[in-house]
$ cat upload.cif   # mmCIF, C-alpha atoms
data_final
#
loop_
_atom_site.label_atom_id
_atom_site.label_comp_id
_atom_site.auth_asym_id
_atom_site.auth_seq_id
_atom_site.Cartn_x
_atom_site.Cartn_y
_atom_site.Cartn_z
CA MET A 1450 29.76 25.85 -21.37
CA ASN A 1451 31.18 27.16 -18.06
CA HIS A 1452 30.24 25.78 -14.63
CA SER A 1453 27.61 28.45 -13.95
CA SER A 1454 25.92 27.76 -17.28
CA GLN A 1455 25.90 24.00 -16.61
CA VAL A 1456 24.19 24.51 -13.25
CA SER A 1457 21.61 26.83 -14.82
CA PHE A 1458 20.95 24.30 -17.57
CA LEU A 1459 20.39 21.46 -15.06
CA LEU A 1460 18.06 23.60 -12.96
CA LEU A 1461 16.09 24.44 -16.11
CA ILE A 1462 15.65 20.73 -16.88
CA VAL A 1463 14.40 19.99 -13.34
CA PHE A 1464 12.04 22.97 -13.48
CA SER A 1465 10.68 21.82 -16.82
CA PHE A 1466 9.95 18.32 -15.54
CA THR A 1467 8.12 19.51 -12.45
CA SER A 1468 6.31 22.39 -14.13
CA PHE A 1469 4.84 20.36 -16.95
CA GLY A 1470 3.90 17.40 -14.76
CA MET A 1471 6.43 15.03 -16.27
CA PRO A 1472 7.29 12.10 -14.00
CA ILE A 1473 10.37 12.12 -11.83
CA SER A 1474 11.28 8.64 -10.65
CA ALA A 1475 10.94 7.75 -6.98
CA LYS A 1476 12.47 5.09 -4.78
CA ILE A 1477 9.85 3.01 -2.97
CA PHE A 1478 10.21 0.35 -0.27
CA ILE A 1479 7.64 -2.46 -0.34
CA ALA A 1480 6.76 -5.15 2.16
CA GLY A 1481 4.61 -7.98 0.87
CA ALA A 1482 6.08 -7.80 -2.63
CA THR A 1483 5.26 -11.41 -3.54
CA GLY A 1484 1.60 -11.17 -2.54
CA ALA A 1485 -1.28 -11.18 -5.00
CA THR A 1486 -1.55 -7.37 -4.84
CA GLY A 1487 2.04 -6.57 -3.93
CA LYS A 1488 3.38 -8.04 -7.17
CA HIS A 1489 1.16 -5.63 -9.13
CA VAL A 1490 2.47 -2.70 -7.09
CA VAL A 1491 6.05 -3.70 -7.86
CA GLN A 1492 5.33 -4.21 -11.55
CA GLN A 1493 3.53 -0.89 -11.99
CA LEU A 1494 6.20 1.04 -10.09
CA LEU A 1495 8.96 -0.44 -12.27
CA ASP A 1496 6.96 0.09 -15.48
CA LYS A 1497 6.71 3.79 -14.57
CA GLY A 1498 10.49 4.04 -14.20
CA ASN A 1499 10.63 4.06 -10.40
CA SER A 1500 13.10 2.20 -8.21
CA VAL A 1501 11.91 -0.51 -5.83
CA VAL A 1502 13.45 -1.91 -2.65
CA ALA A 1503 11.61 -5.11 -1.78
CA VAL A 1504 11.72 -7.56 1.09
CA ALA A 1505 10.65 -11.07 0.10
CA ARG A 1506 11.21 -14.54 1.48
CA SER A 1507 12.23 -15.76 -1.99
CA LYS A 1508 13.82 -13.70 -4.75
CA ASP A 1509 12.96 -16.38 -7.31
CA THR A 1510 9.28 -16.34 -6.32
CA MET A 1511 9.19 -12.56 -6.55
CA MET A 1512 10.81 -12.47 -9.98
CA MET A 1513 8.32 -15.09 -11.26
CA GLY A 1514 5.54 -12.65 -10.41
CA LEU A 1515 6.96 -10.00 -12.76
CA ILE A 1516 6.40 -9.73 -16.50
CA PRO A 1517 8.68 -10.90 -18.00
CA PRO A 1518 10.33 -12.71 -15.09
CA THR A 1519 13.70 -12.67 -16.84
CA LYS A 1520 13.89 -8.90 -17.33
CA ASP A 1521 16.91 -7.22 -15.77
CA TYR A 1522 15.90 -4.01 -14.00
CA GLY A 1523 19.46 -3.28 -12.94
CA ASP A 1524 19.83 -1.21 -9.80
CA ARG A 1525 16.18 -0.09 -10.02
CA LEU A 1526 15.15 -3.32 -8.29
CA GLN A 1527 16.75 -4.41 -5.02
CA ILE A 1528 15.45 -7.59 -3.42
CA HIS A 1529 16.37 -8.58 0.12
CA GLU A 1530 15.48 -12.15 1.03
CA ALA A 1531 14.04 -12.11 4.54
CA SER A 1532 10.85 -12.09 6.56
CA ILE A 1533 10.00 -8.47 7.31
CA LEU A 1534 9.73 -8.99 11.09
CA ASP A 1535 13.07 -10.82 11.19
CA LEU A 1536 14.93 -7.68 10.12
CA SER A 1537 16.47 -5.55 12.84
CA ASP A 1538 15.53 -1.89 13.36
CA ASP A 1539 18.90 -0.84 11.96
CA GLU A 1540 18.37 -2.99 8.86
CA LEU A 1541 14.94 -1.45 8.27
CA LYS A 1542 16.40 2.05 8.66
CA SER A 1543 19.13 1.22 6.16
CA LEU A 1544 16.67 -0.21 3.62
CA THR A 1545 14.24 2.72 3.84
CA LYS A 1546 16.66 5.63 4.35
CA ASP A 1547 16.59 6.88 0.74
CA CYS A 1548 12.94 6.00 0.03
CA SER A 1549 10.32 8.68 -0.55
CA ALA A 1550 7.61 6.19 0.37
CA VAL A 1551 7.04 2.87 2.09
CA VAL A 1552 4.15 0.59 1.17
CA SER A 1553 2.81 -2.45 3.00
CA CYS A 1554 0.85 -5.08 1.09
CA LEU A 1555 1.25 -7.61 3.86
CA GLY A 1556 -1.50 -10.04 4.75
CA HIS A 1557 -2.08 -13.37 6.40
CA ARG A 1558 -1.96 -16.45 4.18
CA PRO A 1559 -5.36 -18.21 3.77
CA THR A 1560 -4.13 -21.39 5.46
CA PHE A 1561 -4.68 -22.69 8.99
CA ASP A 1562 -1.17 -21.62 10.03
CA GLY A 1563 -1.57 -18.28 8.27
CA LEU A 1564 -4.87 -17.52 9.98
CA PHE A 1565 -4.18 -18.87 13.46
CA GLY A 1566 -0.40 -19.19 13.72
CA HIS A 1567 2.27 -16.63 14.48
CA PRO A 1568 2.83 -13.79 13.92
CA LYS A 1569 -0.75 -12.89 14.84
CA ARG A 1570 -0.04 -9.13 14.47
CA LEU A 1571 2.03 -9.28 11.27
CA VAL A 1572 0.45 -6.21 9.63
CA THR A 1573 0.36 -4.08 12.79
CA ASP A 1574 3.86 -4.94 13.96
CA ALA A 1575 5.29 -4.32 10.50
CA ALA A 1576 3.52 -0.95 10.26
CA ARG A 1577 4.82 0.13 13.67
CA ARG A 1578 8.39 -0.81 12.85
CA LEU A 1579 8.41 0.52 9.28
CA THR A 1580 6.97 3.90 10.21
CA ALA A 1581 9.53 4.20 13.02
CA ALA A 1582 12.39 3.27 10.71
CA MET A 1583 11.57 5.30 7.60
CA PRO A 1584 12.50 8.99 7.20
CA SER A 1585 9.95 11.28 8.84
CA SER A 1586 9.25 12.95 5.49
CA SER A 1587 8.38 9.67 3.74
CA LYS A 1588 4.86 8.52 2.91
CA PHE A 1589 3.44 5.31 4.33
CA VAL A 1590 0.72 3.55 2.32
CA LEU A 1591 -1.08 0.51 3.66
CA MET A 1592 -3.36 -2.00 1.98
CA GLY A 1593 -6.15 -2.64 4.47
CA THR A 1594 -9.65 -4.02 4.07
CA GLU A 1595 -13.15 -2.63 3.72
CA ALA A 1596 -14.25 -4.98 6.52
CA VAL A 1597 -12.62 -2.62 9.05
CA GLN A 1598 -15.31 -0.28 10.33
CA LEU A 1599 -14.32 3.36 10.94
CA PRO A 1600 -16.19 5.98 12.98
CA ILE A 1601 -17.05 7.90 9.78
CA ASP A 1602 -18.69 4.84 8.19
CA PRO A 1603 -22.49 4.48 8.32
CA LYS A 1604 -23.71 2.04 10.96
CA ARG A 1605 -23.98 -1.45 9.54
CA PRO A 1606 -27.14 -3.59 9.88
CA PHE A 1607 -27.37 -5.84 12.93
CA GLY A 1608 -26.51 -8.99 10.96
CA GLU A 1609 -23.28 -7.50 9.60
CA ARG A 1610 -22.30 -6.18 13.03
CA ALA A 1611 -22.82 -9.66 14.44
CA VAL A 1612 -20.55 -11.17 11.80
CA LEU A 1613 -17.84 -8.58 12.49
CA PHE A 1614 -18.14 -9.34 16.22
CA LEU A 1615 -17.52 -13.02 15.53
CA LEU A 1616 -14.58 -12.21 13.25
CA ARG A 1617 -13.10 -9.96 15.91
CA ASN A 1618 -13.26 -12.73 18.49
CA LEU A 1619 -12.46 -15.76 16.35
CA LEU A 1620 -10.18 -14.67 13.52
CA PRO A 1621 -6.79 -13.11 14.46
CA PRO A 1622 -6.18 -11.49 11.03
CA HIS A 1623 -9.32 -9.37 11.42
CA VAL A 1624 -8.09 -8.10 14.78
CA ASP A 1625 -4.74 -7.37 13.15
CA ASN A 1626 -6.44 -5.28 10.46
CA GLU A 1627 -8.43 -3.36 13.08
CA GLU A 1628 -5.38 -2.73 15.24
CA VAL A 1629 -3.25 -1.38 12.40
CA ALA A 1630 -6.09 0.99 11.48
CA SER A 1631 -6.23 2.20 15.10
CA PHE A 1632 -2.46 2.60 15.22
CA LEU A 1633 -2.43 4.83 12.14
CA GLN A 1634 -5.38 6.93 13.32
CA GLU A 1635 -3.58 7.56 16.60
CA HIS A 1636 -0.40 8.76 14.87
CA LYS A 1637 -1.14 11.78 12.72
CA GLU A 1638 2.52 12.79 12.89
CA ILE A 1639 3.12 10.03 10.31
CA ASN A 1640 2.38 10.78 6.67
CA TRP A 1641 0.04 7.86 5.99
CA SER A 1642 -2.86 6.72 3.89
CA ALA A 1643 -4.60 3.32 3.96
CA VAL A 1644 -6.58 1.81 1.10
CA ARG A 1645 -9.63 -0.32 1.90
CA PRO A 1646 -10.49 -2.62 -1.02
CA THR A 1647 -13.81 -4.41 -1.36
CA ASN A 1648 -13.93 -8.04 -2.57
CA LEU A 1649 -10.62 -8.71 -4.33
CA VAL A 1650 -10.51 -10.45 -7.71
CA ASP A 1651 -7.68 -11.22 -10.11
CA ALA A 1652 -6.93 -9.34 -13.32
CA ASP A 1653 -3.77 -9.23 -15.42
CA GLU A 1654 -3.70 -5.44 -15.81
CA ALA A 1655 -5.22 -2.33 -14.27
CA ASP A 1656 -7.86 -0.53 -16.32
CA GLY A 1657 -8.32 2.42 -13.95
CA PHE A 1658 -12.07 1.80 -13.95
CA TYR A 1659 -12.79 2.29 -10.25
CA ASN A 1660 -14.28 4.66 -7.71
CA ILE A 1661 -12.71 6.00 -4.53
CA GLN A 1662 -15.02 6.64 -1.56
CA GLU A 1663 -14.26 8.40 1.70
CA GLU A 1664 -16.43 6.02 3.73
CA SER A 1665 -17.71 2.47 3.50
CA SER A 1666 -21.39 2.51 2.61
CA LEU A 1667 -21.39 -0.86 0.84
CA PRO A 1668 -22.90 -4.07 2.22
CA LEU A 1669 -20.44 -6.48 3.80
CA PHE A 1670 -21.71 -9.35 1.65
CA GLY A 1671 -22.46 -7.46 -1.55
CA SER A 1672 -21.30 -8.35 -5.06
CA GLN A 1673 -19.07 -5.28 -5.35
CA ALA A 1674 -15.49 -6.14 -6.26
CA ILE A 1675 -12.18 -4.62 -7.25
CA SER A 1676 -9.26 -6.15 -9.11
CA ARG A 1677 -5.95 -6.40 -7.32
CA ALA A 1678 -4.35 -4.68 -10.31
CA ASN A 1679 -6.64 -1.66 -9.85
CA VAL A 1680 -5.93 -1.56 -6.12
CA ALA A 1681 -2.24 -1.47 -7.00
CA HIS A 1682 -2.93 1.30 -9.54
CA PHE A 1683 -4.45 3.54 -6.86
CA MET A 1684 -1.70 2.71 -4.37
CA VAL A 1685 0.96 3.61 -6.94
CA GLU A 1686 -0.84 6.94 -7.47
CA LEU A 1687 -0.66 7.57 -3.72
CA LEU A 1688 3.03 6.63 -3.66
CA THR A 1689 4.14 8.72 -6.63
CA SER A 1690 1.68 11.63 -6.85
CA ASP A 1691 1.96 14.29 -4.16
CA ALA A 1692 -1.41 15.73 -5.15
CA THR A 1693 -3.20 12.37 -4.81
CA PHE A 1694 -1.50 11.63 -1.51
CA ALA A 1695 -2.36 15.08 -0.14
CA LYS A 1696 -6.03 14.45 -0.95
CA TRP A 1697 -6.10 11.17 0.97
CA LYS A 1698 -3.50 11.82 3.68
CA HIS A 1699 -4.69 10.48 7.06
CA GLU A 1700 -7.69 8.91 5.32
CA MET A 1701 -8.72 5.30 4.67
CA PRO A 1702 -10.61 5.46 1.37
CA VAL A 1703 -12.60 2.54 0.01
CA ILE A 1704 -11.86 1.42 -3.55
CA VAL A 1705 -14.48 -0.36 -5.65
CA GLU A 1706 -15.11 -0.99 -9.34
CA LYS A 1707 -17.05 1.80 -11.05
CA GLY A 1708 -20.79 1.40 -10.83
CA SER A 1709 -20.82 0.64 -7.08
CA GLY A 1710 -21.27 3.36 -4.50
CA THR A 1711 -20.41 7.03 -4.75
CA SER A 1712 -17.42 8.05 -6.79
CA ALA A 1713 -14.71 10.52 -6.00
CA GLU A 1714 -11.87 11.82 -8.11
CA LEU A 1715 -8.29 10.81 -7.40
#
$ encode --input "upload.cif" --output "structure tokens"
Amino acid sequence: MNHSSQVSFLLLIVFSFTSFGMPISAKIFIAGATGATGKHVVQQLLDKGNSVVAVARSKDTMMMGLIPPTKDYGDRLQIHEASILDLSDDELKSLTKDCSAVVSCLGHRPTFDGLFGHPKRLVTDAARRLTAAMPSSSKFVLMGTEAVQLPIDPKRPFGERAVLFLLRNLLPPHVDNEEVASFLQEHKEINWSAVRPTNLVDADEADGFYNIQEESSLPLFGSQAISRANVAHFMVELLTSDATFAKWKHEMPVIVEKGSGTSAEL
């Protein structure tokens, strides 16, 4: 086979993969990889054959969150031990330079120091720096919260608005979540999407049994829930499917288990 034939053959293979919807692996950067949801995102990305670049305070802790923790993923898994905000701008650019997407599953730990200590703007500051460092063509996907009220959401009852007012003035993580939402909405030049889960619960695996809603029409203190594994499932779809991302680009959809609220297709 001459050189021209080899090139034609390789182009035919690429065309076949993209034409018939077969997966082509991606390289994804993740912040918050050891979190309760982040570990599911990492696992599902690796299980689908993608490559992951992760920043974690402890490599051992991150590996213990994977199944099995002793599996060798080779060069498909790169772990950099650091706190995300301790990395320099140049380091963030180097880590994200070849990534088609960046995902943030960062959150404040449910401890006194995590809720009231520094950094008070962990999620917002990380989003600002990551979106500035990553390639302009890359996607940015954020895990937010349904407690953040958007202009498109129906007006909440007085009691819920009062609770959100107290959270805004007493709980720094809630302000952080609101500020990162405002930051993204003000920067439409960034290719972003933010997922707003309802009440998070644990589950070993994703079952895909959930609804996606454009707005939050659910009560703040309702019984609606979503497993972290299913949140990760939707986030992985946003990260790896151009069609899904295009549908929810510059949107902050709410994700909830099926049976609650109005459904929408991925």
$ resolve_selection --input "upload.cif" --expression "the PyMOL selection byres ((chain A and resi 1573) around 10)" --output "PyMOL selection string"
chain A and resi 1555+1569-1572+1574-1579+1624-1633
$ closest_residue --input "upload.cif" --among "A:Ala1505, A:Ala1485, A:Ile1639, A:Met1513" --to "Val1680 of chain A" --atoms "all atoms listed in the file"
A:Ala1485
$ closest_residue --input "upload.cif" --among "A:Asp1524, A:Phe1478, A:His1567, A:Glu1530" --to "Lys1542 of chain A" --atoms "all atoms listed in the file"
A:Phe1478
$ axis_aligned_box --input "upload.cif" --around "segment 1495-1500 of chain A" --padding-each-side "5 Å" --output "lines of an AutoDock Vina configuration file"
center_x = 9.9
center_y = 1.8
center_z = -11.8
size_x = 16.4
size_y = 14.5
size_z = 17.3
$ resolve_selection --input "upload.cif" --expression "the PyMOL selection byres ((chain A and resi 1695-1702) around 6)" --output "CSV table (one decimal) with C-alpha atoms, keeping the file's coordinate frame"
chain,number,residue,atom,x,y,z
A,1641,TRP,CA,0.0,7.9,6.0
A,1642,SER,CA,-2.9,6.7,3.9
A,1643,ALA,CA,-4.6,3.3,4.0
A,1644,VAL,CA,-6.6,1.8,1.1
A,1645,ARG,CA,-9.6,-0.3,1.9
A,1662,GLN,CA,-15.0,6.6,-1.6
A,1663,GLU,CA,-14.3,8.4,1.7
A,1691,ASP,CA,2.0,14.3,-4.2
A,1692,ALA,CA,-1.4,15.7,-5.2
A,1693,THR,CA,-3.2,12.4,-4.8
A,1694,PHE,CA,-1.5,11.6,-1.5
A,1703,VAL,CA,-12.6,2.5,0.0
$ resolve_selection --input "upload.cif" --expression "the PyMOL selection byres ((chain A and resi 1704) around 6)" --output "PyMOL selection string"
chain A and resi 1646+1660-1661+1703+1705
